[in-house]
Amino acid sequence: MAEQSNWSRVGEQPRDAVDREWEVFIRNESRDPLQHVGSVSAPTIETARTQATTLFGRYATDLWLCPATDVRRYSRTTIDERAVSVDSEGERDERGHSA
Amino acid sequence: MISISKLLCGLDAEGDGLRYDAAGESAKPQITDHKQRRPVVVWNLTKQCNLSCSHCYAAADTETADGELTTEEGKRVLDDLADYGVPVVLFSGGEPLVRDDLPELIEYADASGIRPVLSTNGTLITTEIARELREAGLKYAGISVDGLPERNDAFRGQDGAFDAAVRGIRACLDAGLKTGLRYTITERNAADLPAVVDLLHDEGVDRFCFYHLDYGGRGAGIVDADLSPEEKRAAVKQLCDLTRRYHDHGDEIETLLVGNYTDAAYLVEYARQHLSEANAERIDDYLRRNGGDPTGERVADIDYQGNVHLTQFWQNYSLGNVRDRPFSAIWDDDSNPLLEALRNREQRLSGRCADCQYQDICRGASRLRALSVHDDPFAPDPQCYLKEDEIVPTV
C-alpha cells in the first residue's frame with residue numbers, strides 16, 4: 001500500500017499580496033515531463049500569459065498556467081505553521097473539523 | 001554594489017571581502033571563504049509600511065498582507081540560510097520595524113552566523129529601539145532619505161518624514177550602530193544629492209549608498225521619473241568627484257553605487273581620464289573579481305509571503321516558495337532554464353551588450369530594466385550610459 005502517513009496540506013495562506021499568483025509549468029520536448037518553473041504575479045490570465053511567455057517562451061513548446069489558489073499542496077517537510085495534517089480520514093483544520 | 005571610495009580612493013571597508021574577493025588585503029573584519037559564493041538575501045519581512053514612497057519596489061501598504069511568514073517560520077528559513085552559508089540577511093520591507101519580532105529575528109540570525117543588516121525608512125527608530133537592535137546583534141542600519149526635506153517628504157508621502165529619518169539616524173549613531181544613507185536617484189532628487197551628503201555627513205554619517213531606480217513594484221510606474229542615461233552619467237560623475245573631494249580633505253566617507261553595473265565600466269573610464277591608466281587597470285581587476293550584475297547569483301530575495309525572487313526588485317516573478325521548499329533547494333535548482341540562462345548569460349546578451357568590452361565586469365547591468373522596457377531579459381539595459389566608442393573592444 002502506498003505511504004499515506006505524515007502528509008500535511010501546505011499553503012492555505014495567500015501568496016499574492018498585490019496581484020493574483022499563477023503557477024507556471026513548461027515543457028520543451030513532447031516526451032519531457034512538465035516542469036514547474038515558479039510563478040508570476042498578474043491581475044489577469046492574459047497578463048500572466050504574456051509575462052510567462054516572455055520569461056520562458058524560448059525554453060518551451062508547452063506552457064501551462066494555474067491560479068496558485070487552485071493548487072492543493074501536500075508535503076512531509078514543510079515549515080508552514082498553518083499546514084493542515086492529513087490522515088486516513090481526510091484533511092482536518094486546526095479544530096479537528098473535516099476540511 | 002560598487003564602492004567608489006574603494007576603487008577611486010583606496011578606502012578599506014568591511015564589505016570588500018564580499019565585493020572584490022579582497023579579504024586578504026583588508027585590515028577590517030571580512031566575510032571570506034565559501035560564504036562569498038552564496039547570495040546576500042534580502043528578506044522583505046512585511047508588506048506593511050508607515051510611509052507610501054512613490055518608488056517602492058515592494059508596493060508596500062499601510063496594511064499587513066495576509067500570509068506573512070511567522071516568527072517560527074522565519075527562524076526555520078534562517079536555519080536553512082545559515083546551513084547554506086548565506087553571509088548576510090538584509091531585513092527589509094515594507095518597513096521592517098513595524099514587526100515586533102524584528103529584534104528576535106536579528107538575534108537569531110546573528111547567533112546562526114549570518115550577518116544581520118537592516119533597510120529602514122528610519123522614522124520609527126527611537127533611542128531605545130536603536131539600542132535594542134544593536135544589542136540584538138544588528139551590524140548595520142541603512143536609512144532611506146531621498147532628497148532635501150521638502151522633496152523627500154513629497155516622495156515619501158508624509159510631511160516630517162525627513163526630520164523623523166534624521167532623528168532615527170541620530171538614535172542609531174548614539175547607540176553605536178553603524179549607520180548609512182540609502183538614496184534612490186531619480187529625476188526629481190538628483191539635484192539634491194550633494195547637499196544631502198553634506199547635511200548627513202554633518203550628522204555623523206560616513207556611508208552613503210546610491211541606488212539606481214529599478215523598474216519593479218511602484219518603481220515600474222515611474223519609469224518616466226528616471227534620469228536619462230546622459231543625466232545618469234552626470235550624476236555618477238558628480239558622486240565620483242564628491243567622493244574624491246571628501247577624501248582629499250581627509251574625510252574618508254564610503255560611497256557605493258547599487259543597481260546599474262554600467263557604473264563598473266564608467267569607473268574604469270573615469271579613472272583612465274582623471275587618475276591614470278595604471279589606476280584604471282587596477283580598478284578593472286577589482287571589478288572582474290566583483291563579477292558584474294548579481295541577478296540570480298550573488299543576491300536573492302524572499303518576500304513576506306515566502307516567495308523567492310531573483311532580486312528584491314523583481315517581484316512579479318517567483319522561483320518558488322519557502323513554505324514548499326527550502327530556499328537553498330530553490331536557489332540551487334539549475335533545471336530552471338531562466339535561472340540557468342541568467343547565470344550563463346554571456347552568449348545570450350544581445351544588442352550593444354553582445355560585443356561590449358566591459359561585458360565581463362557589467363554583465364548587461366539590470367536584466368529587470370531590460371525586461372521591463374524591451375520585453376527581453378537579455379536585451380541591453382535601457383539605462384546603459386556608456387558612449388559608443390567606450391564599448392568597442394580595444395585591439
# chains A, B, ... in the order shown; residues from 1 in each chain; ligands from 1

$ interface_residues --of "chain B" --to "chain A" --cutoff "6 Å" --atoms "only C-alpha atoms" --output "ChimeraX atom specification"
/B:67,73,305,316-320,323-324,336

$ residues_around --residues "region 114-116 of chain B" --least-positions-apart "6" --cutoff "8 Å" --atoms "only C-alpha atoms" --output "CSV table (one decimal) with all heavy atoms, in the first residue's frame"
chain,number,residue,atom,x,y,z
B,82,ALA,N,21.5,29.7,7.0
B,82,ALA,CA,22.8,29.5,7.8
B,82,ALA,C,23.5,28.3,7.3
B,82,ALA,O,24.7,28.3,7.0
B,82,ALA,CB,22.5,29.5,9.3
B,86,VAL,N,24.7,31.4,3.6
B,86,VAL,CA,24.4,32.8,3.3
B,86,VAL,C,25.1,33.8,4.2
B,86,VAL,O,25.0,33.6,5.4
B,86,VAL,CB,22.9,33.0,3.3
B,86,VAL,CG1,22.5,34.5,3.3
B,86,VAL,CG2,22.2,32.3,2.2
B,87,PRO,N,25.9,34.7,3.6
B,87,PRO,CA,26.7,35.6,4.5
B,87,PRO,C,25.9,36.7,5.2
B,87,PRO,O,26.3,37.1,6.3
B,87,PRO,CB,27.7,36.2,3.5
B,87,PRO,CG,27.0,36.2,2.2
B,87,PRO,CD,26.1,35.0,2.2
B,88,VAL,N,24.9,37.2,4.5
B,88,VAL,CA,24.2,38.4,5.0
B,88,VAL,C,22.7,38.3,4.8
B,88,VAL,O,22.3,37.9,3.7
B,88,VAL,CB,24.7,39.7,4.3
B,88,VAL,CG1,24.0,40.9,4.7
B,88,VAL,CG2,26.2,39.9,4.5
B,89,VAL,N,21.9,38.7,5.7
B,89,VAL,CA,20.5,38.9,5.5
B,89,VAL,C,20.2,40.3,5.7
B,89,VAL,O,20.5,40.9,6.8
B,89,VAL,CB,19.6,38.0,6.4
B,89,VAL,CG1,18.2,38.4,6.4
B,89,VAL,CG2,19.7,36.5,6.0
B,90,LEU,N,19.6,40.9,4.7
B,90,LEU,CA,19.1,42.3,4.8
B,90,LEU,C,17.6,42.3,5.1
B,90,LEU,O,16.8,42.0,4.3
B,90,LEU,CB,19.4,43.0,3.5
B,90,LEU,CG,18.8,44.4,3.3
B,90,LEU,CD1,19.4,45.4,4.4
B,90,LEU,CD2,19.1,45.0,1.9
B,91,PHE,N,17.3,42.7,6.4
B,91,PHE,CA,15.9,42.8,6.8
B,91,PHE,C,15.3,44.0,6.2
B,91,PHE,O,15.8,45.1,6.4
B,91,PHE,CB,15.8,42.7,8.3
B,91,PHE,CG,16.1,41.4,8.9
B,91,PHE,CD1,17.4,41.2,9.4
B,91,PHE,CD2,15.2,40.4,8.9
B,91,PHE,CE1,17.8,40.0,10.0
B,91,PHE,CE2,15.6,39.2,9.5
B,91,PHE,CZ,16.8,39.0,10.1
B,106,ILE,N,16.7,39.2,14.3
B,106,ILE,CA,18.1,39.7,14.1
B,106,ILE,C,19.0,38.9,15.1
B,106,ILE,O,20.0,38.4,14.7
B,106,ILE,CB,18.1,41.2,14.5
B,106,ILE,CG1,17.5,42.0,13.3
B,106,ILE,CG2,19.6,41.6,14.7
B,106,ILE,CD1,17.4,43.5,13.7
B,137,GLY,N,22.2,42.3,18.0
B,137,GLY,CA,23.3,41.9,17.1
B,137,GLY,C,23.3,42.5,15.7
B,137,GLY,O,24.0,42.1,14.8
B,138,LEU,N,22.4,43.6,15.5
B,138,LEU,CA,22.4,44.2,14.2
B,138,LEU,C,23.7,44.8,13.9
B,138,LEU,O,24.3,45.5,14.8
B,138,LEU,CB,21.3,45.3,14.2
B,138,LEU,CG,21.1,46.0,12.8
B,138,LEU,CD1,20.4,45.0,11.9
B,138,LEU,CD2,20.2,47.2,13.0
B,139,LYS,N,24.2,44.6,12.7
B,139,LYS,CA,25.5,45.1,12.3
B,139,LYS,C,25.5,46.4,11.5
B,139,LYS,O,26.5,47.1,11.4
B,139,LYS,CB,26.2,44.0,11.5
B,139,LYS,CG,26.4,42.7,12.2
B,139,LYS,CD,27.3,42.9,13.4
B,139,LYS,CE,27.7,41.5,14.1
B,139,LYS,NZ,26.6,41.0,14.9
B,140,TYR,N,24.4,46.7,10.9
B,140,TYR,CA,24.3,47.9,10.1
B,140,TYR,C,22.9,48.3,9.8
B,140,TYR,O,22.0,47.5,9.6
B,140,TYR,CB,25.0,47.7,8.7
B,140,TYR,CG,24.9,48.8,7.7
B,140,TYR,CD1,25.7,50.0,7.9
B,140,TYR,CD2,24.0,48.7,6.6
B,140,TYR,CE1,25.5,51.0,7.0
B,140,TYR,CE2,23.9,49.8,5.7
B,140,TYR,CZ,24.7,50.9,5.9
B,140,TYR,OH,24.6,52.0,5.1

$ atom_distance --atom1 "CA of Pro326 (chain B)" --atom2 "CA of Gly94 (chain B)"
23.0 Å

$ closest_residue --among "B:Cys209, B:Cys353, B:Ala329, B:Leu11" --to "Asp80 (chain B)" --atoms "only C-alpha atoms"
B:Ala329

$ closest_residue --among "B:Ile169, B:Ile253, B:Ala175, B:Leu310" --to "Ser5 (chain B)" --atoms "only C-alpha atoms"
B:Ile253

$ residues_around --residues "Ile129 (chain B)" --least-positions-apart "4" --cutoff "9 Å" --atoms "only C-alpha atoms" --output "JSON list (two decimals) with N, CA, C and O atoms, in the first residue's frame"
[["chain", "number", "residue", "atom", "x", "y", "z"],
["B", 124, "LEU", "N", 10.76, 55.30, 12.53],
["B", 124, "LEU", "CA", 10.22, 54.69, 13.75],
["B", 124, "LEU", "C", 11.31, 54.39, 14.78],
["B", 124, "LEU", "O", 11.04, 53.83, 15.84],
["B", 125, "ILE", "N", 12.55, 54.77, 14.46],
["B", 125, "ILE", "CA", 13.67, 54.42, 15.34],
["B", 125, "ILE", "C", 13.83, 55.45, 16.45],
["B", 125, "ILE", "O", 14.11, 56.63, 16.19],
["B", 133, "LEU", "N", 18.16, 47.11, 18.95],
["B", 133, "LEU", "CA", 18.62, 46.49, 17.70],
["B", 133, "LEU", "C", 20.10, 46.17, 17.78],
["B", 133, "LEU", "O", 20.56, 45.10, 17.35],
["B", 134, "ARG", "N", 20.87, 47.10, 18.32],
["B", 134, "ARG", "CA", 22.31, 46.86, 18.43],
["B", 134, "ARG", "C", 22.60, 45.68, 19.37],
["B", 134, "ARG", "O", 23.42, 44.81, 19.08],
["B", 171, "ALA", "N", 19.67, 58.52, 16.51],
["B", 171, "ALA", "CA", 19.47, 57.48, 17.53],
["B", 171, "ALA", "C", 20.38, 56.29, 17.28],
["B", 171, "ALA", "O", 20.98, 55.74, 18.22],
["B", 172, "CYS", "N", 20.51, 55.90, 16.02],
["B", 172, "CYS", "CA", 21.37, 54.76, 15.68],
["B", 172, "CYS", "C", 22.83, 55.08, 15.99],
["B", 172, "CYS", "O", 23.56, 54.26, 16.58]]

$ residues_around --residues "Gly351 (chain B)" --least-positions-apart "6" --cutoff "9 Å" --atoms "only C-alpha atoms" --output "compact mmCIF listing (two decimals) with N, CA, C and O atoms, in the first residue's frame"
# COMPACT_ATOMS: atom_id res chain seq x y z
N PHE B 378 17.35 39.54 -21.94
CA PHE B 378 18.74 39.55 -22.42
C PHE B 378 19.03 40.71 -23.37
O PHE B 378 20.09 40.77 -23.97
N ALA B 379 18.09 41.63 -23.45
CA ALA B 379 18.31 42.85 -24.25
C ALA B 379 19.18 43.82 -23.43
O ALA B 379 19.39 43.63 -22.23
N PRO B 380 19.70 44.86 -24.07
CA PRO B 380 20.52 45.83 -23.33
C PRO B 380 19.69 46.55 -22.25
O PRO B 380 18.49 46.77 -22.41

$ closest_residue --among "B:Ala13, B:Asn44, B:Arg38, B:Val223" --to "His309 (chain B)" --atoms "only C-alpha atoms"
B:Asn44

$ select_by_dssp --residues "region 60-184 of chain B" --states "strand (DSSP E or B)" --output "NGL selection string"
:B and (61 or 88-92 or 115-120 or 140-144 or 179-184)

$ write_last_selection --atoms "N, CA and C atoms" --output "PDB file, in the first residue's frame"
ATOM      1  N   ASP B  61       2.279  48.829   1.737  1.00  0.00           N
ATOM      2  CA  ASP B  61       0.941  49.323   2.027  1.00  0.00           C
ATOM      3  C   ASP B  61       0.860  49.639   3.514  1.00  0.00           C
ATOM      4  N   VAL B  88      24.920  37.234   4.522  1.00  0.00           N
ATOM      5  CA  VAL B  88      24.231  38.427   5.016  1.00  0.00           C
ATOM      6  C   VAL B  88      22.733  38.298   4.759  1.00  0.00           C
ATOM      7  N   VAL B  89      21.919  38.669   5.746  1.00  0.00           N
ATOM      8  CA  VAL B  89      20.489  38.854   5.505  1.00  0.00           C
ATOM      9  C   VAL B  89      20.166  40.324   5.740  1.00  0.00           C
ATOM     10  N   LEU B  90      19.551  40.921   4.732  1.00  0.00           N
ATOM     11  CA  LEU B  90      19.116  42.312   4.823  1.00  0.00           C
ATOM     12  C   LEU B  90      17.631  42.317   5.142  1.00  0.00           C
ATOM     13  N   PHE B  91      17.299  42.677   6.368  1.00  0.00           N
ATOM     14  CA  PHE B  91      15.892  42.752   6.758  1.00  0.00           C
ATOM     15  C   PHE B  91      15.300  44.032   6.168  1.00  0.00           C
ATOM     16  N   SER B  92      14.255  43.846   5.368  1.00  0.00           N
ATOM     17  CA  SER B  92      13.671  44.970   4.668  1.00  0.00           C
ATOM     18  C   SER B  92      12.156  44.869   4.730  1.00  0.00           C
ATOM     19  N   ARG B 115      25.257  37.586   9.087  1.00  0.00           N
ATOM     20  CA  ARG B 115      25.390  38.997   9.433  1.00  0.00           C
ATOM     21  C   ARG B 115      24.050  39.697   9.184  1.00  0.00           C
ATOM     22  N   PRO B 116      23.373  40.160  10.238  1.00  0.00           N
ATOM     23  CA  PRO B 116      22.083  40.812  10.034  1.00  0.00           C
ATOM     24  C   PRO B 116      22.234  42.325   9.812  1.00  0.00           C
ATOM     25  N   VAL B 117      21.662  42.815   8.735  1.00  0.00           N
ATOM     26  CA  VAL B 117      21.658  44.250   8.444  1.00  0.00           C
ATOM     27  C   VAL B 117      20.224  44.672   8.138  1.00  0.00           C
ATOM     28  N   LEU B 118      20.002  45.975   8.145  1.00  0.00           N
ATOM     29  CA  LEU B 118      18.622  46.482   8.116  1.00  0.00           C
ATOM     30  C   LEU B 118      18.474  47.576   7.072  1.00  0.00           C
ATOM     31  N   SER B 119      17.355  47.525   6.352  1.00  0.00           N
ATOM     32  CA  SER B 119      16.967  48.612   5.460  1.00  0.00           C
ATOM     33  C   SER B 119      15.666  49.192   5.996  1.00  0.00           C
ATOM     34  N   THR B 120      15.687  50.479   6.329  1.00  0.00           N
ATOM     35  CA  THR B 120      14.538  51.077   7.012  1.00  0.00           C
ATOM     36  C   THR B 120      14.368  52.522   6.574  1.00  0.00           C
ATOM     37  N   TYR B 140      24.363  46.732  10.913  1.00  0.00           N
ATOM     38  CA  TYR B 140      24.325  47.934  10.074  1.00  0.00           C
ATOM     39  C   TYR B 140      22.867  48.333   9.821  1.00  0.00           C
ATOM     40  N   ALA B 141      22.613  49.628   9.872  1.00  0.00           N
ATOM     41  CA  ALA B 141      21.283  50.145   9.517  1.00  0.00           C
ATOM     42  C   ALA B 141      21.420  51.104   8.344  1.00  0.00           C
ATOM     43  N   GLY B 142      20.765  50.794   7.245  1.00  0.00           N
ATOM     44  CA  GLY B 142      20.711  51.693   6.091  1.00  0.00           C
ATOM     45  C   GLY B 142      19.387  52.432   6.121  1.00  0.00           C
ATOM     46  N   ILE B 143      19.473  53.748   6.200  1.00  0.00           N
ATOM     47  CA  ILE B 143      18.251  54.550   6.359  1.00  0.00           C
ATOM     48  C   ILE B 143      17.995  55.355   5.089  1.00  0.00           C
ATOM     49  N   SER B 144      16.769  55.254   4.586  1.00  0.00           N
ATOM     50  CA  SER B 144      16.438  55.875   3.301  1.00  0.00           C
ATOM     51  C   SER B 144      16.075  57.345   3.467  1.00  0.00           C
ATOM     52  N   THR B 179      25.763  53.127  10.667  1.00  0.00           N
ATOM     53  CA  THR B 179      24.552  53.647  10.015  1.00  0.00           C
ATOM     54  C   THR B 179      24.922  54.328   8.710  1.00  0.00           C
ATOM     55  N   GLY B 180      24.111  54.125   7.703  1.00  0.00           N
ATOM     56  CA  GLY B 180      24.388  54.761   6.424  1.00  0.00           C
ATOM     57  C   GLY B 180      23.123  55.240   5.741  1.00  0.00           C
ATOM     58  N   LEU B 181      23.342  56.020   4.705  1.00  0.00           N
ATOM     59  CA  LEU B 181      22.243  56.568   3.907  1.00  0.00           C
ATOM     60  C   LEU B 181      21.938  55.637   2.746  1.00  0.00           C
ATOM     61  N   ARG B 182      20.655  55.497   2.426  1.00  0.00           N
ATOM     62  CA  ARG B 182      20.205  54.874   1.175  1.00  0.00           C
ATOM     63  C   ARG B 182      19.467  55.938   0.381  1.00  0.00           C
ATOM     64  N   TYR B 183      19.876  56.139  -0.845  1.00  0.00           N
ATOM     65  CA  TYR B 183      19.334  57.237  -1.643  1.00  0.00           C
ATOM     66  C   TYR B 183      19.044  56.720  -3.044  1.00  0.00           C
ATOM     67  N   THR B 184      17.791  56.692  -3.439  1.00  0.00           N
ATOM     68  CA  THR B 184      17.441  56.255  -4.794  1.00  0.00           C
ATOM     69  C   THR B 184      17.411  57.473  -5.708  1.00  0.00           C
TER      70      THR B 184
END

$ atom_distance --atom1 "CA of Arg156 (chain B)" --atom2 "CA of Leu69 (chain B)"
26.1 Å

$ atom_distance --atom1 "CA of Tyr246 (chain B)" --atom2 "CA of Leu267 (chain B)"
17.4 Å

$ closest_residue --among "B:Phe313, B:Tyr266, B:Tyr261, B:Tyr211" --to "Pro294 (chain B)" --atoms "only C-alpha atoms"
B:Tyr261

$ select_by_dssp --residues "chain A" --states "helix (DSSP H, G or I)" --output "VMD selection string"
chain A and resid 45 to 59 68 to 70

$ write_last_selection --atoms "all heavy atoms" --output "CSV table (one decimal), in the first residue's frame"
chain,number,residue,atom,x,y,z
A,45,ILE,N,-5.3,36.5,-16.5
A,45,ILE,CA,-4.7,35.4,-17.2
A,45,ILE,C,-3.9,35.9,-18.4
A,45,ILE,O,-2.8,35.4,-18.7
A,45,ILE,CB,-5.7,34.3,-17.5
A,45,ILE,CG1,-5.0,33.1,-18.2
A,45,ILE,CG2,-6.8,34.8,-18.4
A,45,ILE,CD1,-4.0,32.4,-17.3
A,46,GLU,N,-4.4,36.9,-19.1
A,46,GLU,CA,-3.8,37.4,-20.3
A,46,GLU,C,-2.4,38.0,-19.9
A,46,GLU,O,-1.4,37.7,-20.6
A,46,GLU,CB,-4.6,38.5,-21.0
A,46,GLU,CG,-5.8,37.9,-21.7
A,46,GLU,CD,-7.0,37.6,-20.8
A,46,GLU,OE1,-7.0,38.1,-19.6
A,46,GLU,OE2,-7.9,36.8,-21.2
A,47,THR,N,-2.4,38.8,-18.9
A,47,THR,CA,-1.1,39.4,-18.4
A,47,THR,C,-0.2,38.3,-17.9
A,47,THR,O,1.0,38.3,-18.2
A,47,THR,CB,-1.4,40.4,-17.3
A,47,THR,OG1,-2.3,41.3,-17.8
A,47,THR,CG2,-0.1,41.2,-17.0
A,48,ALA,N,-0.7,37.3,-17.2
A,48,ALA,CA,0.1,36.2,-16.7
A,48,ALA,C,0.8,35.5,-17.9
A,48,ALA,O,1.9,35.1,-17.9
A,48,ALA,CB,-0.7,35.3,-15.9
A,49,ARG,N,-0.1,35.2,-18.9
A,49,ARG,CA,0.5,34.5,-20.1
A,49,ARG,C,1.6,35.3,-20.8
A,49,ARG,O,2.6,34.8,-21.1
A,49,ARG,CB,-0.7,34.2,-21.1
A,49,ARG,CG,-0.2,33.6,-22.4
A,49,ARG,CD,-1.3,33.3,-23.4
A,49,ARG,NE,-2.2,34.5,-23.6
A,49,ARG,CZ,-1.8,35.5,-24.4
A,49,ARG,NH1,-0.7,35.5,-25.0
A,49,ARG,NH2,-2.7,36.5,-24.6
A,50,THR,N,1.3,36.6,-20.9
A,50,THR,CA,2.4,37.5,-21.5
A,50,THR,C,3.7,37.4,-20.7
A,50,THR,O,4.8,37.3,-21.3
A,50,THR,CB,1.9,38.9,-21.6
A,50,THR,OG1,0.7,39.0,-22.4
A,50,THR,CG2,2.9,39.8,-22.2
A,51,GLN,N,3.5,37.5,-19.4
A,51,GLN,CA,4.7,37.5,-18.6
A,51,GLN,C,5.4,36.2,-18.7
A,51,GLN,O,6.7,36.1,-18.8
A,51,GLN,CB,4.4,37.8,-17.1
A,51,GLN,CG,4.0,39.2,-16.8
A,51,GLN,CD,3.8,39.5,-15.3
A,51,GLN,OE1,4.3,38.7,-14.5
A,51,GLN,NE2,3.1,40.5,-15.0
A,52,ALA,N,4.7,35.1,-18.6
A,52,ALA,CA,5.3,33.8,-18.6
A,52,ALA,C,5.9,33.4,-19.9
A,52,ALA,O,7.0,32.9,-20.0
A,52,ALA,CB,4.2,32.7,-18.2
A,53,THR,N,5.3,33.8,-21.0
A,53,THR,CA,5.9,33.5,-22.3
A,53,THR,C,7.1,34.4,-22.6
A,53,THR,O,8.1,34.0,-23.2
A,53,THR,CB,4.9,33.7,-23.5
A,53,THR,OG1,4.3,35.0,-23.4
A,53,THR,CG2,3.8,32.6,-23.4
A,54,THR,N,7.1,35.6,-22.0
A,54,THR,CA,8.3,36.5,-22.2
A,54,THR,C,9.5,35.9,-21.4
A,54,THR,O,10.6,35.9,-22.0
A,54,THR,CB,8.0,37.9,-21.6
A,54,THR,OG1,6.9,38.4,-22.3
A,54,THR,CG2,9.2,38.8,-21.7
A,55,LEU,N,9.2,35.3,-20.3
A,55,LEU,CA,10.3,34.7,-19.5
A,55,LEU,C,10.7,33.4,-20.0
A,55,LEU,O,11.9,33.0,-20.0
A,55,LEU,CB,9.9,34.7,-18.0
A,55,LEU,CG,9.8,36.0,-17.2
A,55,LEU,CD1,9.2,35.7,-15.8
A,55,LEU,CD2,11.1,36.7,-17.2
A,56,PHE,N,9.7,32.5,-20.4
A,56,PHE,CA,10.0,31.1,-20.6
A,56,PHE,C,9.7,30.7,-22.1
A,56,PHE,O,10.0,29.5,-22.4
A,56,PHE,CB,9.3,30.3,-19.6
A,56,PHE,CG,9.8,30.4,-18.2
A,56,PHE,CD1,9.1,31.2,-17.3
A,56,PHE,CD2,11.0,29.8,-17.9
A,56,PHE,CE1,9.6,31.4,-16.0
A,56,PHE,CE2,11.5,29.9,-16.6
A,56,PHE,CZ,10.8,30.7,-15.7
A,57,GLY,N,9.2,31.6,-22.9
A,57,GLY,CA,8.9,31.2,-24.3
A,57,GLY,C,10.0,30.5,-25.1
A,57,GLY,O,9.8,29.6,-25.8
A,58,ARG,N,11.2,31.0,-24.8
A,58,ARG,CA,12.3,30.5,-25.6
A,58,ARG,C,12.8,29.1,-25.1
A,58,ARG,O,13.6,28.5,-25.8
A,58,ARG,CB,13.5,31.5,-25.5
A,58,ARG,CG,14.2,31.6,-24.2
A,58,ARG,CD,15.3,32.6,-24.2
A,58,ARG,NE,14.8,34.0,-24.3
A,58,ARG,CZ,15.5,35.1,-24.7
A,58,ARG,NH1,16.7,34.9,-25.1
A,58,ARG,NH2,14.9,36.3,-24.7
A,59,TYR,N,12.2,28.7,-24.0
A,59,TYR,CA,12.6,27.3,-23.4
A,59,TYR,C,11.5,26.3,-23.5
A,59,TYR,O,11.6,25.3,-22.9
A,59,TYR,CB,13.0,27.5,-22.0
A,59,TYR,CG,14.0,28.6,-21.7
A,59,TYR,CD1,13.5,29.7,-20.9
A,59,TYR,CD2,15.3,28.6,-22.2
A,59,TYR,CE1,14.4,30.8,-20.7
A,59,TYR,CE2,16.1,29.7,-22.0
A,59,TYR,CZ,15.6,30.8,-21.2
A,59,TYR,OH,16.5,31.8,-21.0
A,68,ALA,N,-2.5,30.0,-8.4
A,68,ALA,CA,-1.9,29.4,-7.2
A,68,ALA,C,-2.9,29.0,-6.2
A,68,ALA,O,-2.7,28.0,-5.5
A,68,ALA,CB,-0.9,30.4,-6.6
A,69,THR,N,-4.0,29.7,-6.1
A,69,THR,CA,-5.0,29.4,-5.1
A,69,THR,C,-5.7,28.1,-5.4
A,69,THR,O,-6.4,27.6,-4.5
A,69,THR,CB,-6.0,30.6,-5.0
A,69,THR,OG1,-6.5,30.9,-6.3
A,69,THR,CG2,-5.4,31.8,-4.3
A,70,ASP,N,-5.7,27.6,-6.6
A,70,ASP,CA,-6.4,26.4,-7.0
A,70,ASP,C,-5.5,25.2,-6.9
A,70,ASP,O,-5.9,24.1,-7.3
A,70,ASP,CB,-6.9,26.5,-8.5
A,70,ASP,CG,-8.1,27.5,-8.5
A,70,ASP,OD1,-8.6,27.8,-7.4
A,70,ASP,OD2,-8.4,27.9,-9.6
